[in-house]
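Colleague: Contents of my_file05.cif (mmCIF, C-alpha atoms):
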data_run
loop_
_atom_site.label_atom_id
_atom_site.label_comp_id
_atom_site.auth_asym_id
_atom_site.auth_seq_id
_atom_site.Cartn_x
_atom_site.Cartn_y
_atom_site.Cartn_z
CA MET A 150 219.94 152.78 13.88
CA ARG A 151 222.54 151.03 16.01
CA LEU A 152 221.07 149.06 18.91
CA GLY A 153 222.93 148.88 22.20
CA GLY A 154 222.45 147.97 25.83
CA THR A 155 224.20 146.75 28.95
CA VAL A 156 226.46 143.70 28.60
CA PHE A 157 227.41 141.46 31.51
CA ASN A 158 230.35 139.40 32.82
CA TRP A 159 233.26 140.98 31.01
CA GLY A 160 235.29 142.42 33.88
CA LYS A 161 237.46 145.19 32.44
CA ASP A 162 238.66 143.29 29.38
CA PRO A 163 238.26 145.44 26.22
CA ALA A 164 238.20 142.44 23.86
CA LEU A 165 235.59 140.62 25.94
CA PHE A 166 233.57 143.84 26.27
CA ALA A 167 233.44 144.09 22.48
CA GLN A 168 232.73 140.38 22.02
CA LYS A 169 229.80 140.51 24.45
CA HIS A 170 228.22 143.18 22.25
CA VAL A 171 228.63 140.97 19.20
CA GLU A 172 226.98 138.07 21.03
CA LYS A 173 223.97 140.25 21.87
CA GLY A 174 223.72 141.67 18.35
CA PHE A 175 224.57 145.17 19.60
CA THR A 176 226.39 147.60 17.31
CA ALA A 177 226.53 150.49 19.80
CA ALA A 178 228.18 150.56 23.22
CA VAL A 179 227.92 152.76 26.31
CA CYS A 180 231.29 153.91 27.61
CA PRO A 181 232.38 152.08 30.80
CA ASP A 182 232.48 154.39 33.80
CA PHE A 183 236.12 153.67 34.61
CA LEU A 184 237.55 155.06 31.36
CA ASN A 185 239.14 158.51 31.70
CA ALA A 186 240.22 161.24 29.32
CA GLY A 187 243.95 161.16 28.72
CA ASP A 188 244.36 157.43 29.37
CA THR A 189 245.39 157.01 25.74
CA ALA A 190 246.55 153.40 25.88
CA MET A 191 243.40 152.05 27.51
CA ASN A 192 241.04 154.21 25.44
CA THR A 193 242.75 153.25 22.19
CA LEU A 194 242.44 149.59 23.11
CA PHE A 195 238.70 149.84 23.71
CA VAL A 196 238.11 151.78 20.50
CA ARG A 197 240.19 149.33 18.49
CA GLU A 198 238.40 146.25 19.85
CA LEU A 199 235.00 147.80 19.14
CA GLU A 200 235.89 149.07 15.67
CA GLN A 201 237.24 145.67 14.64
CA ARG A 202 233.77 144.28 15.32
CA GLY A 203 231.81 147.13 13.71
CA ILE A 204 230.71 148.68 17.02
CA LEU A 205 230.84 152.36 17.95
CA PHE A 206 230.73 154.17 21.27
CA ALA A 207 227.25 155.66 21.59
CA GLU A 208 227.59 157.78 24.69
CA VAL A 209 229.76 158.78 27.59
CA GLY A 210 227.72 159.46 30.72
CA ALA A 211 228.48 162.53 32.82
CA TRP A 212 225.74 161.89 35.35
CA CYS A 213 225.88 164.67 37.96
CA ASN A 214 224.18 167.90 39.05
CA PRO A 215 226.03 170.94 37.64
CA LEU A 216 223.32 173.31 38.87
CA SER A 217 223.58 172.43 42.53
CA ARG A 218 223.12 175.41 44.84
CA ASP A 219 226.20 174.16 46.65
CA GLN A 220 228.68 176.17 44.59
CA LYS A 221 231.67 173.99 45.42
CA LEU A 222 229.77 170.87 44.35
CA ALA A 223 228.47 172.58 41.22
CA GLU A 224 232.00 173.52 40.15
CA GLN A 225 233.21 169.96 40.79
CA ASN A 226 230.39 168.65 38.64
CA ILE A 227 231.06 171.11 35.82
CA LYS A 228 234.70 170.00 35.86
CA HIS A 229 233.48 166.39 35.70
CA MET A 230 231.33 167.22 32.67
CA ILE A 231 234.31 168.80 30.92
CA GLU A 232 236.41 165.71 31.60
CA ARG A 233 233.69 163.37 30.33
CA LEU A 234 233.14 165.44 27.18
CA ALA A 235 236.90 165.34 26.59
CA LEU A 236 236.73 161.55 26.94
CA ALA A 237 233.86 161.37 24.43
CA GLU A 238 235.95 163.42 22.01
CA GLU A 239 238.92 161.11 22.50
CA LEU A 240 236.80 158.00 21.93
CA GLY A 241 234.87 159.45 19.01
CA ALA A 242 231.62 158.72 20.85
CA LYS A 243 228.40 160.11 19.44
CA THR A 244 227.74 162.19 22.53
CA CYS A 245 228.49 162.98 26.14
CA VAL A 246 225.14 163.07 27.93
CA ASN A 247 223.99 164.48 31.25
CA ILE A 248 220.86 166.03 32.70
CA LEU A 249 220.58 169.79 33.20
CA GLY A 250 220.56 169.33 36.96
CA THR A 251 218.35 170.61 39.76
CA TYR A 252 218.15 173.14 42.56
CA THR A 253 216.96 170.56 45.06
CA GLY A 254 219.43 169.33 47.63
CA LYS A 255 217.64 166.00 48.04
CA SER A 256 219.03 164.28 44.93
CA TRP A 257 221.08 165.03 41.81
CA TYR A 258 218.03 164.95 39.52
CA GLY A 259 214.84 165.56 41.54
CA PRO A 260 212.09 168.21 41.43
CA HIS A 261 212.25 171.78 42.69
CA PRO A 262 209.86 174.68 41.87
CA ASP A 263 212.72 176.91 40.73
CA ASN A 264 213.83 174.37 38.13
CA TYR A 265 211.33 176.13 35.85
CA SER A 266 212.60 179.65 36.58
CA ALA A 267 214.42 182.13 34.35
CA ASP A 268 217.49 181.89 36.62
CA PHE A 269 217.65 178.12 36.21
CA PHE A 270 217.35 178.45 32.44
CA ALA A 271 220.12 181.05 32.32
CA GLN A 272 222.43 178.95 34.49
CA ALA A 273 221.78 175.85 32.39
CA VAL A 274 222.70 177.78 29.25
CA ASP A 275 225.87 179.06 30.93
CA VAL A 276 226.92 175.56 32.02
CA ALA A 277 226.38 174.11 28.54
CA ARG A 278 228.47 176.89 27.00
CA ARG A 279 231.24 176.55 29.59
CA VAL A 280 231.54 172.82 29.08
CA VAL A 281 231.48 172.81 25.29
CA ASP A 282 233.77 175.86 25.02
CA ALA A 283 236.32 174.18 27.28
CA VAL A 284 236.58 171.14 25.00
CA LYS A 285 235.59 172.53 21.59
CA PRO A 286 234.54 169.08 20.35
CA LYS A 287 234.87 168.16 16.70
CA ARG A 288 234.15 164.41 16.85
CA THR A 289 231.43 164.35 19.51
CA THR A 290 228.67 166.45 21.04
CA LEU A 291 227.31 167.52 24.41
CA SER A 292 223.68 166.58 25.00
CA PHE A 293 221.10 166.52 27.78
CA GLU A 294 218.32 164.16 28.72
CA MET A 295 214.86 165.66 28.94
CA MET A 296 213.46 165.07 32.42
CA PRO A 297 210.07 165.67 34.06
CA TYR A 298 211.66 167.69 36.89
CA ASN A 299 212.88 170.85 35.12
CA PHE A 300 211.98 173.04 32.14
CA LEU A 301 213.69 170.67 29.68
CA ASP A 302 210.68 168.36 29.75
CA HIS A 303 209.45 168.52 26.14
CA PRO A 304 210.91 168.97 22.63
CA LYS A 305 209.95 172.62 22.13
CA ALA A 306 211.78 173.53 25.34
CA TYR A 307 214.87 171.71 24.04
CA CYS A 308 214.77 173.75 20.82
CA LYS A 309 214.52 176.96 22.84
CA PHE A 310 217.46 175.83 24.97
CA LEU A 311 219.60 174.97 21.93
CA LYS A 312 218.90 178.36 20.39
CA ALA A 313 219.93 180.10 23.62
CA VAL A 314 223.13 178.03 23.98
CA ASP A 315 224.05 178.79 20.37
CA ARG A 316 226.90 176.29 20.09
CA PRO A 317 227.27 173.72 17.27
CA GLY A 318 228.74 171.21 19.71
CA VAL A 319 225.46 170.87 21.63
CA ALA A 320 222.92 168.41 20.26
CA VAL A 321 219.81 166.43 21.22
CA HIS A 322 219.68 163.28 23.27
CA PHE A 323 216.11 161.98 23.03
CA ASP A 324 214.52 159.79 25.68
CA PRO A 325 210.82 159.76 24.77
CA CYS A 326 209.69 157.99 27.95
CA ASN A 327 211.12 160.80 30.07
CA CYS A 328 208.80 163.23 28.30
CA ILE A 329 205.58 161.34 29.06
CA ASN A 330 204.45 163.27 32.11
CA SER A 331 200.65 163.42 31.76
CA PRO A 332 197.85 160.96 30.96
CA HIS A 333 196.90 163.09 27.95
CA LEU A 334 200.41 162.82 26.48
CA TYR A 335 200.49 159.11 27.36
CA CYS A 336 197.36 158.55 25.30
CA HIS A 337 198.83 160.48 22.34
CA ILE A 338 202.32 158.93 22.20
CA THR A 339 202.20 158.29 18.45
CA GLN A 340 201.48 161.94 17.66
CA PHE A 341 204.10 163.06 20.18
CA LEU A 342 206.81 160.89 18.58
CA GLU A 343 206.06 162.09 15.08
CA GLU A 344 206.07 165.73 16.15
CA ALA A 345 209.27 165.35 18.18
CA PHE A 346 211.24 163.73 15.36
CA ALA A 347 209.94 166.30 12.88
CA LEU A 348 211.03 169.10 15.22
CA PHE A 349 214.48 167.72 16.04
CA GLY A 350 215.43 166.04 12.78
CA SER A 351 219.15 165.44 12.41
CA GLN A 352 219.90 167.20 15.72
CA ILE A 353 219.20 163.87 17.47
CA VAL A 354 222.52 162.14 18.17
CA SER A 355 221.39 159.42 20.59
CA VAL A 356 218.19 157.80 21.86
CA HIS A 357 217.29 155.80 24.96
CA LEU A 358 214.84 152.93 24.59
CA LYS A 359 212.46 152.13 27.44
CA ASP A 360 208.72 151.62 27.87
CA ILE A 361 206.19 153.24 30.15
CA ALA A 362 202.93 152.23 31.80
CA LEU A 363 200.28 154.42 33.43
CA LEU A 364 199.21 152.81 36.70
CA ASP A 365 195.43 152.69 37.02
CA GLU A 366 194.97 152.27 40.77
CA PRO A 367 196.03 155.61 42.34
CA VAL A 368 193.76 158.63 42.05
CA THR A 369 196.73 160.78 41.03
CA ALA A 370 198.65 159.91 37.85
CA MET A 371 201.64 157.62 38.34
CA PHE A 372 203.93 156.22 35.65
CA GLN A 373 206.27 153.26 35.78
CA GLU A 374 209.11 152.18 33.52
CA VAL A 375 208.54 148.68 32.18
CA LEU A 376 210.17 146.23 29.78
CA PRO A 377 209.95 147.37 26.13
CA GLY A 378 206.82 145.83 24.71
CA ALA A 379 205.07 145.65 28.08
CA GLY A 380 203.96 149.29 28.14
CA HIS A 381 202.31 151.92 25.96
CA MET A 382 205.29 153.20 23.95
CA ASP A 383 204.53 153.01 20.23
CA TYR A 384 207.67 151.17 19.12
CA HIS A 385 206.50 150.86 15.52
CA THR A 386 206.36 154.64 15.18
CA LEU A 387 209.49 155.17 17.30
CA LEU A 388 211.62 152.81 15.21
CA ARG A 389 210.16 154.06 11.96
CA CYS A 390 211.15 157.61 12.95
CA LEU A 391 214.59 156.40 14.05
CA ASN A 392 215.10 154.77 10.67
CA ARG A 393 214.82 158.19 9.04
CA LEU A 394 217.89 159.40 10.91
CA ASP A 395 221.53 158.70 10.12
CA SER A 396 222.06 154.93 10.17
CA ASP A 397 224.76 155.33 12.84
CA THR A 398 222.34 156.91 15.34
CA PRO A 399 222.59 154.80 18.53
CA ALA A 400 219.51 153.61 20.40
CA ILE A 401 220.38 152.30 23.86
CA ILE A 402 218.19 149.99 25.95
CA GLU A 403 218.46 150.98 29.62
CA HIS A 404 217.19 150.64 33.19
CA LEU A 405 216.51 146.92 33.18
CA PRO A 406 217.37 144.69 36.16
CA ASP A 407 219.26 141.78 34.60
CA GLU A 408 220.69 140.19 31.48
CA GLN A 409 217.53 138.24 30.73
CA SER A 410 215.50 141.45 30.67
CA PHE A 411 217.94 143.08 28.26
CA ASP A 412 217.74 139.98 26.05
CA ALA A 413 213.94 140.14 26.03
CA ALA A 414 213.96 143.87 25.26
CA ALA A 415 216.44 143.45 22.41
CA ALA A 416 214.39 140.58 20.96
CA TYR A 417 211.19 142.65 21.04
CA ILE A 418 212.83 145.69 19.47
CA SER A 419 214.47 143.57 16.75
CA GLU A 420 211.12 141.92 16.04
CA VAL A 421 209.41 145.29 15.59
CA GLN A 422 212.29 146.55 13.46
CA ALA A 423 212.04 143.51 11.18
CA SER A 424 208.31 144.10 10.72
CA LEU A 425 208.69 147.66 9.39
#
Show me, as structure tokens, the structure contained in the file I just sent.

Modeller:
Amino acid sequence: MRLGGTVFNWGKDPALFAQKHVEKGFTAAVCPDFLNAGDTAMNTLFVRELEQRGILFAEVGAWCNPLSRDQKLAEQNIKHMIERLALAEELGAKTCVNILGTYTGKSWYGPHPDNYSADFFAQAVDVARRVVDAVKPKRTTLSFEMMPYNFLDHPKAYCKFLKAVDRPGVAVHFDPCNCINSPHLYCHITQFLEEAFALFGSQIVSVHLKDIALLDEPVTAMFQEVLPGAGHMDYHTLLRCLNRLDSDTPAIIEHLPDEQSFDAAAAYISEVQASL
């Protein structure tokens, strides 16, 4: 696998961006938000600086809600996804990743009862097809994060979704922590990981690395993201499964508050990797 994570204090300097990854031991990078499809000079510069140091672009984020019930906003977001997928294709990134979206008007990712409906499923399939058909990617893929707030909340649902979309340019982004949505699943993480990797196989193009803890004080189940190594995620099994994939598969540390936390997470993950 290729480990990656957030790097700090590089401004918008492509060479310094690449060098910061080298300093952290990262061989995969997340695309900076300010890069745009069609900005050939800038994009070429970033790719060149990374390639010279043996680093690849892991993912281009397209974080938005393409299934908003506000039709004008939904169309804007679909256009944004197309532009970001085009950027991923230009950069040769492993994937352009988004979430499916949501019917709620309260946030771009939150829960709504109809997020599990047949209409939501059909619209999600239509959006995925529209985006990938507009770009027709050959060097990258379109992928979606599984989330606890819509039907795409477990691996079997992802397989059903991929079959319905029926496009070779759509692949799997796997964030195992996002799938842990019950105490029972939390207590069977090892089995879940093994089954998920067996089900997805080479369809996985990118992975997010986090950790998760089940809080024991509330009566109702509550989960919290924590520093890798401080929660219940079985990193030995996760990394062992990752090692079975293509060696260029990126695994990105995310959602940590500062550079020191990313350093600690990377050190823990590298320690587990070395022990396998």

Colleague: Please provide the set of residues having any atom within 10 Å of A:Phe166, restricted to all atoms listed in the file, with same-chain residues fewer than 4 positions apart removed, written as a ChimeraX atom specification.

Modeller: /A:156-162,170-171,178,181,195,198-199

Colleague: Counting only C-alpha atoms, which residues in stretch 349-382 of chain A sit no more than 12 Å from stretch 226-246 of chain A? For each one, give the nearest pair of atoms and the distance in Å, sorted by chain then residue number, as a tab-separated table.

Modeller:
residue	atom	partner	partner_atom	distance
A:Gln352	CA	A:Thr244	CA	11.5
A:Ile353	CA	A:Thr244	CA	10.1
A:Val354	CA	A:Lys243	CA	6.3
A:Ser355	CA	A:Lys243	CA	7.1
A:Val356	CA	A:Thr244	CA	10.5
A:His357	CA	A:Val246	CA	11.1

Colleague: Nearest residue to A:Glu172 out of A:Gly378, A:Leu334, A:Asn185, A:Gly154, using only C-alpha atoms?

Modeller: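 Going through A:Gly378, A:Leu334, A:Asn185, A:Gly154 one by one, the smallest distance to A:Glu172 is for A:Gly154.
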
Colleague: Name all residues at most 12 Å from A:Pro377 (count only C-alpha atoms; drop same-chain ones fewer than 6 positions away) and give them as a PyMOL selection string.

Modeller: chain A and resi 326+357-362+383-385+387+401-405+410-421

Colleague: Can you find the residues with an atom no farther than 9 Å from (210.8, 163.0, 9.6), counting only C-alpha atoms, and report them as a compact mmCIF listing (two decimals) with C-alpha atoms, in the frame of the given file?

Modeller:
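This went into point_39.txt:
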# COMPACT_ATOMS: atom_id res chain seq x y z
CA GLU A 343 206.06 162.09 15.08
CA GLU A 344 206.07 165.73 16.15
CA PHE A 346 211.24 163.73 15.36
CA ALA A 347 209.94 166.30 12.88
CA LEU A 348 211.03 169.10 15.22
CA PHE A 349 214.48 167.72 16.04
CA GLY A 350 215.43 166.04 12.78
CA CYS A 390 211.15 157.61 12.95
CA LEU A 391 214.59 156.40 14.05
CA ARG A 393 214.82 158.19 9.04
CA LEU A 394 217.89 159.40 10.91

Colleague: What's the separation between atom CA of A:Gln168 and atom CA of A:Arg202, in Å to one decimal place?

Modeller: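 Answer for the atom CA of A:Gln168 to atom CA of A:Arg202 separation: 7.8 Å.
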
Colleague: What residues come out when you apply the PyMOL selection byres ((chain A and resi 327) around 12) to this file, written as a VMD selection string?

Modeller: chain A and resid 248 293 to 299 301 to 304 322 to 326 328 to 331 334 to 335 338 356 to 362 372 to 374 382

Colleague: For A:Ser256, list every protein, DNA or RNA residue within 12 Å, evaluated using only C-alpha atoms, and leave out those in the same chain fewer than 6 positions away; present the list as a PyMOL selection string.

Modeller: chain A and resi 212-214+216-218+250+298

Colleague: Please report the interatomic distance between atom CA of A:Leu311 and atom CA of A:Asp219 in Å with one decimal.

Modeller: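 We find that atom CA of A:Leu311 and atom CA of A:Asp219 lie 25.6 Å from each other.
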
Colleague: Given the choices A:Arg151, A:His261, A:His337, A:His381, which gets closest to A:Phe300 if the distance is worked out from all atoms listed in the file?

Modeller: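 Nearest to A:Phe300: A:His261.
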
Colleague: Point out the residue among A:Leu165, A:Leu364, A:Val314, A:Val284 with the least atom-to-atom distance to A:Phe270, counting all atoms listed in the file.

Modeller: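 Using all atoms listed in the file, the shortest distance to A:Phe270 belongs to A:Val314.
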
Colleague: Could you work out how far atom CA of A:Val274 lies from atom CA of A:Ala186, giving the answer in Å with one decimal?

Modeller: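 That distance, rounded to one decimal, is 24.1 Å.
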
Colleague: With distances taken over all atoms listed in the file, which residue among A:Asn264, A:Tyr258, A:Asp275, A:Pro317 lies nearest A:Arg288?

Modeller: A:Pro317

Colleague: Can you work out which one of A:Thr289, A:Gln409, A:Asn247, A:Gln422 has the shortest atom-to-atom distance to A:Val276, counting all atoms listed in the file?

Modeller: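 Smallest distance to A:Val276 is found for A:Asn247.
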
Colleague: Of the candidates A:Ala271, A:Ala164, A:Leu249, A:Val209, which shows the shortest atom-to-atom distance to A:Val179, using only C-alpha atoms?

Modeller: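 Smallest separation from A:Val179 among the options: A:Val209.
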
Colleague: Quick check on the file I pasted: which residues fall under the PyMOL selection byres ((chain A and resi 399) around 6)? Write them as a count of residues only.

Modeller: 8
